[in-house]
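Only one structure is covered here, and it is reproduced in the block below.
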Amino acid sequence: MSRFDTHSLFKAHPWHGVPIGNKAPSVVTAFIEMVPSDSVKYEVDKVTGYLKVDRPQKYSNVVPTLYGFIPQTYCGAKVAEKAGVKEADGDPLDICVLSERPIVHGDLLVQAVPLGGIRLIDRGQADDKIIAYLQQDEFYQGWTTLSDMPKSLVKRLEHYFTTYKSAPGEPSLCEIKEIYGVEDAHDVIMRSMIDYNTFTTVHTFGASALRRSERSFSAPQSPPIPISSLLSPPPQQPPNSTTTTPATSTSSS
């Protein structure tokens, strides 16, 4: 075993290093980026995995629920196909999580039970929003699909996602194509998992091929020095020892 456990030394990337959960799509892990009290839009930096400030909220509307994404998902060709558009937004699948008790900050993981979703089209791209509730929240026990939610809460989510990018009086950049229930939500999650596998395979093997190509054109290098040779002490000679050089014989031709 290695001397150091790297999983304990470094924070896992919330998109790639956190499992979606073995009960997906019925129960999924969600990484929460924003909470209803946030007046600043936070999102995960895709390179580092740290939460960053995207921008202050432009207008007075605030996200009505906990908001984030489902790890190890990707909105690509399969999600776009479900939405009937040519492409998706190329981000992890977004999720809204209902919680009766206030959670005051993001940058945390929760277990969520999907109920349905909003098929949002953002400037021609599929940008689905899964709607779920906090798994162990007793208030929502017995809810099984989106029709169990009050219509006013669904309308509040619709209003937020059609107005949060536009100024009052301006045409919306987003349109809601459909509100769907739990079966379609499960299908969208499964499609995003397939898209993620495709996305990571292309990028992983593409990067490996690029590295192989670079090595094939690079100058030959000396073999690496074994670590053991760096850690071992140099051999010691006994005191007053002399080094003799063997005589070199010559022969005439």
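Residues are named by chain letter and number: chains run A, B, ... in the order of the structure tokens, numbers start at 1 in each chain, and ligands are numbered from 1 in the order shown.
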Given only C-alpha atoms, how would the per-residue table for segment 42-114 of chain A near segment 160-168 of chain A read, listing every residue at most 9 Å away with its closest atom pair and distance in Å to one decimal, sorted by chain and number, as a tab-separated table?
```
residue	atom	partner	partner_atom	distance
A:Gln57	CA	A:Tyr164	CA	8.1
A:Lys58	CA	A:Lys165	CA	7.7
A:Tyr59	CA	A:Ala167	CA	7.2
A:Ser60	CA	A:Tyr164	CA	8.8
A:Asn61	CA	A:Tyr164	CA	6.6
A:Val62	CA	A:Tyr160	CA	7.4
A:Val63	CA	A:Tyr160	CA	6.7
A:Pro64	CA	A:Tyr160	CA	7.6
```
Keeping only N, CA, C and O atoms, take the residues you just selected and write them out as a PDB file, in the first residue's frame.
```pdb
ATOM      1  N   GLN A  57     -26.329  38.295  -8.757  1.00  0.00           N
ATOM      2  CA  GLN A  57     -27.632  38.175  -9.409  1.00  0.00           C
ATOM      3  C   GLN A  57     -28.011  39.524 -10.017  1.00  0.00           C
ATOM      4  O   GLN A  57     -27.927  40.565  -9.350  1.00  0.00           O
ATOM      5  N   LYS A  58     -28.393  39.513 -11.295  1.00  0.00           N
ATOM      6  CA  LYS A  58     -28.646  40.771 -11.990  1.00  0.00           C
ATOM      7  C   LYS A  58     -29.872  41.487 -11.458  1.00  0.00           C
ATOM      8  O   LYS A  58     -29.907  42.719 -11.364  1.00  0.00           O
ATOM      9  N   TYR A  59     -30.890  40.710 -11.089  1.00  0.00           N
ATOM     10  CA  TYR A  59     -32.164  41.313 -10.727  1.00  0.00           C
ATOM     11  C   TYR A  59     -32.636  40.737  -9.396  1.00  0.00           C
ATOM     12  O   TYR A  59     -31.903  40.017  -8.721  1.00  0.00           O
ATOM     13  N   SER A  60     -33.849  41.037  -8.992  1.00  0.00           N
ATOM     14  CA  SER A  60     -34.299  40.735  -7.640  1.00  0.00           C
ATOM     15  C   SER A  60     -34.735  39.289  -7.455  1.00  0.00           C
ATOM     16  O   SER A  60     -34.941  38.864  -6.317  1.00  0.00           O
ATOM     17  N   ASN A  61     -34.867  38.518  -8.533  1.00  0.00           N
ATOM     18  CA  ASN A  61     -35.323  37.145  -8.365  1.00  0.00           C
ATOM     19  C   ASN A  61     -34.210  36.282  -7.760  1.00  0.00           C
ATOM     20  O   ASN A  61     -33.030  36.467  -8.035  1.00  0.00           O
ATOM     21  N   VAL A  62     -34.609  35.347  -6.913  1.00  0.00           N
ATOM     22  CA  VAL A  62     -33.669  34.434  -6.264  1.00  0.00           C
ATOM     23  C   VAL A  62     -34.127  33.007  -6.519  1.00  0.00           C
ATOM     24  O   VAL A  62     -35.316  32.738  -6.717  1.00  0.00           O
ATOM     25  N   VAL A  63     -33.182  32.084  -6.507  1.00  0.00           N
ATOM     26  CA  VAL A  63     -33.503  30.687  -6.773  1.00  0.00           C
ATOM     27  C   VAL A  63     -34.423  30.170  -5.669  1.00  0.00           C
ATOM     28  O   VAL A  63     -34.162  30.370  -4.481  1.00  0.00           O
ATOM     29  N   PRO A  64     -35.546  29.519  -6.017  1.00  0.00           N
ATOM     30  CA  PRO A  64     -36.533  29.141  -4.997  1.00  0.00           C
ATOM     31  C   PRO A  64     -36.147  27.923  -4.152  1.00  0.00           C
ATOM     32  O   PRO A  64     -36.787  27.661  -3.138  1.00  0.00           O
TER      33      PRO A  64
END
```
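Within 8 Å of segment 72-83 of chain A, once only C-alpha atoms are used and residues closer than 3 positions along the same chain are dropped, the contacting residues are Trp15, His16, Gly17, Val18, Pro19, Ile20, Lys86, Glu87, Ala88, Asp89, Gly90, Asp91, Pro92, Leu93, Arg119, Gln125, Ala126, Asp127, Val188, Ile189, Arg191, Ser192, Met193, Ile194, Asp195, Tyr196 and Phe199 of chain A.
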Secondary structure check, strand (DSSP E) residues of segment 37-179 of chain A, as a PyMOL selection string: chain A and resi 40-44+51-56+66-69+87-88+94-98+108-122+125-126+129-134+174-179
10 Å contact set for Val182 of chain A, only C-alpha atoms, chain neighbours under 5 positions out, as a short mmCIF file (atom, residue, chain, number, x, y, z; two decimals) with N, CA, C and O atoms, in the first residue's frame:
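What landed in selection.cif:
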```
data_model
loop_
_atom_site.label_atom_id
_atom_site.label_comp_id
_atom_site.auth_asym_id
_atom_site.auth_seq_id
_atom_site.Cartn_x
_atom_site.Cartn_y
_atom_site.Cartn_z
N PRO A 25 -31.39 6.00 -11.05
CA PRO A 25 -31.86 7.39 -10.96
C PRO A 25 -32.92 7.64 -9.88
O PRO A 25 -33.43 8.76 -9.78
N SER A 26 -33.28 6.62 -9.07
CA SER A 26 -34.34 6.80 -8.07
C SER A 26 -33.89 7.73 -6.94
O SER A 26 -34.68 8.53 -6.42
N VAL A 113 -34.27 12.82 -4.02
CA VAL A 113 -35.22 11.92 -4.68
C VAL A 113 -35.91 12.68 -5.80
O VAL A 113 -36.70 13.59 -5.54
N PRO A 114 -35.64 12.35 -7.07
CA PRO A 114 -36.26 13.07 -8.18
C PRO A 114 -37.77 12.85 -8.24
O PRO A 114 -38.27 11.75 -8.00
N LEU A 115 -38.48 13.94 -8.58
CA LEU A 115 -39.94 13.91 -8.75
C LEU A 115 -40.35 14.20 -10.18
O LEU A 115 -41.41 13.77 -10.63
N GLY A 116 -39.53 14.92 -10.90
CA GLY A 116 -39.86 15.33 -12.26
C GLY A 116 -38.82 16.31 -12.76
O GLY A 116 -37.68 16.30 -12.29
N GLY A 117 -39.24 17.17 -13.69
CA GLY A 117 -38.27 18.11 -14.21
C GLY A 117 -38.88 19.15 -15.13
O GLY A 117 -40.07 19.09 -15.49
N ILE A 130 -33.80 19.02 -13.18
CA ILE A 130 -34.47 17.98 -12.42
C ILE A 130 -35.00 18.59 -11.12
O ILE A 130 -34.32 19.39 -10.47
N ILE A 131 -36.22 18.23 -10.74
CA ILE A 131 -36.81 18.69 -9.48
C ILE A 131 -36.87 17.50 -8.53
O ILE A 131 -37.38 16.43 -8.89
N ALA A 132 -36.34 17.67 -7.33
CA ALA A 132 -36.24 16.57 -6.37
C ALA A 132 -36.46 17.12 -4.96
O ALA A 132 -36.57 18.33 -4.75
N THR A 144 -44.28 11.23 -4.81
CA THR A 144 -43.68 10.29 -5.75
C THR A 144 -43.45 10.88 -7.13
O THR A 144 -42.63 10.38 -7.89
N THR A 145 -44.16 11.94 -7.48
CA THR A 145 -44.00 12.54 -8.79
C THR A 145 -44.34 14.02 -8.72
O THR A 145 -44.77 14.51 -7.66
N LEU A 146 -44.14 14.73 -9.82
CA LEU A 146 -44.28 16.19 -9.80
C LEU A 146 -45.71 16.63 -9.50
O LEU A 146 -45.93 17.71 -8.94
N SER A 147 -46.70 15.81 -9.84
CA SER A 147 -48.09 16.18 -9.58
C SER A 147 -48.41 16.25 -8.09
O SER A 147 -49.44 16.81 -7.69
N ASP A 187 -35.48 9.00 -16.99
CA ASP A 187 -34.94 8.80 -18.33
C ASP A 187 -33.88 9.86 -18.65
O ASP A 187 -32.81 9.54 -19.19
N VAL A 188 -34.15 11.10 -18.29
CA VAL A 188 -33.18 12.18 -18.53
C VAL A 188 -31.90 11.93 -17.74
O VAL A 188 -30.78 12.10 -18.26
#
```
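Restricting the calculation to only C-alpha atoms, the smallest distance between Val53 of chain A and any of A:Ile179, A:Ile118, A:Met34, A:Leu66 is found for A:Met34.
Restricting the calculation to only C-alpha atoms, the smallest distance between Cys96 of chain A and any of A:Val27, A:Ile121, A:Leu157, A:Val40 is found for A:Leu157.
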Residue nearest Pro14 of chain A - candidates A:Asp94, A:Lys41, A:Val154, A:Leu108, atoms counted: only C-alpha atoms: A:Leu108
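Interatomic distance, atom CA of Val44 of chain A to atom CA of Ile70 of chain A: 12.0 Å.
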Per-residue DSSP, segment 42-237 of chain A, filtered to helix (DSSP H, G or I), as a PyMOL selection string: chain A and resi 77-83+138-140+146-148+151-163+182-217+227-231
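The space separating atom CA of Phe31 of chain A from atom CA of Val110 of chain A comes to 6.6 Å.
Computed from the coordinates, the atom CA of Gln136 of chain A to atom CA of His159 of chain A distance equals 27.4 Å.
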Pick from A:Lys177, A:Tyr140, A:Leu109, A:Ser99 nearest to His13 of chain A, counting only C-alpha atoms: A:Leu109
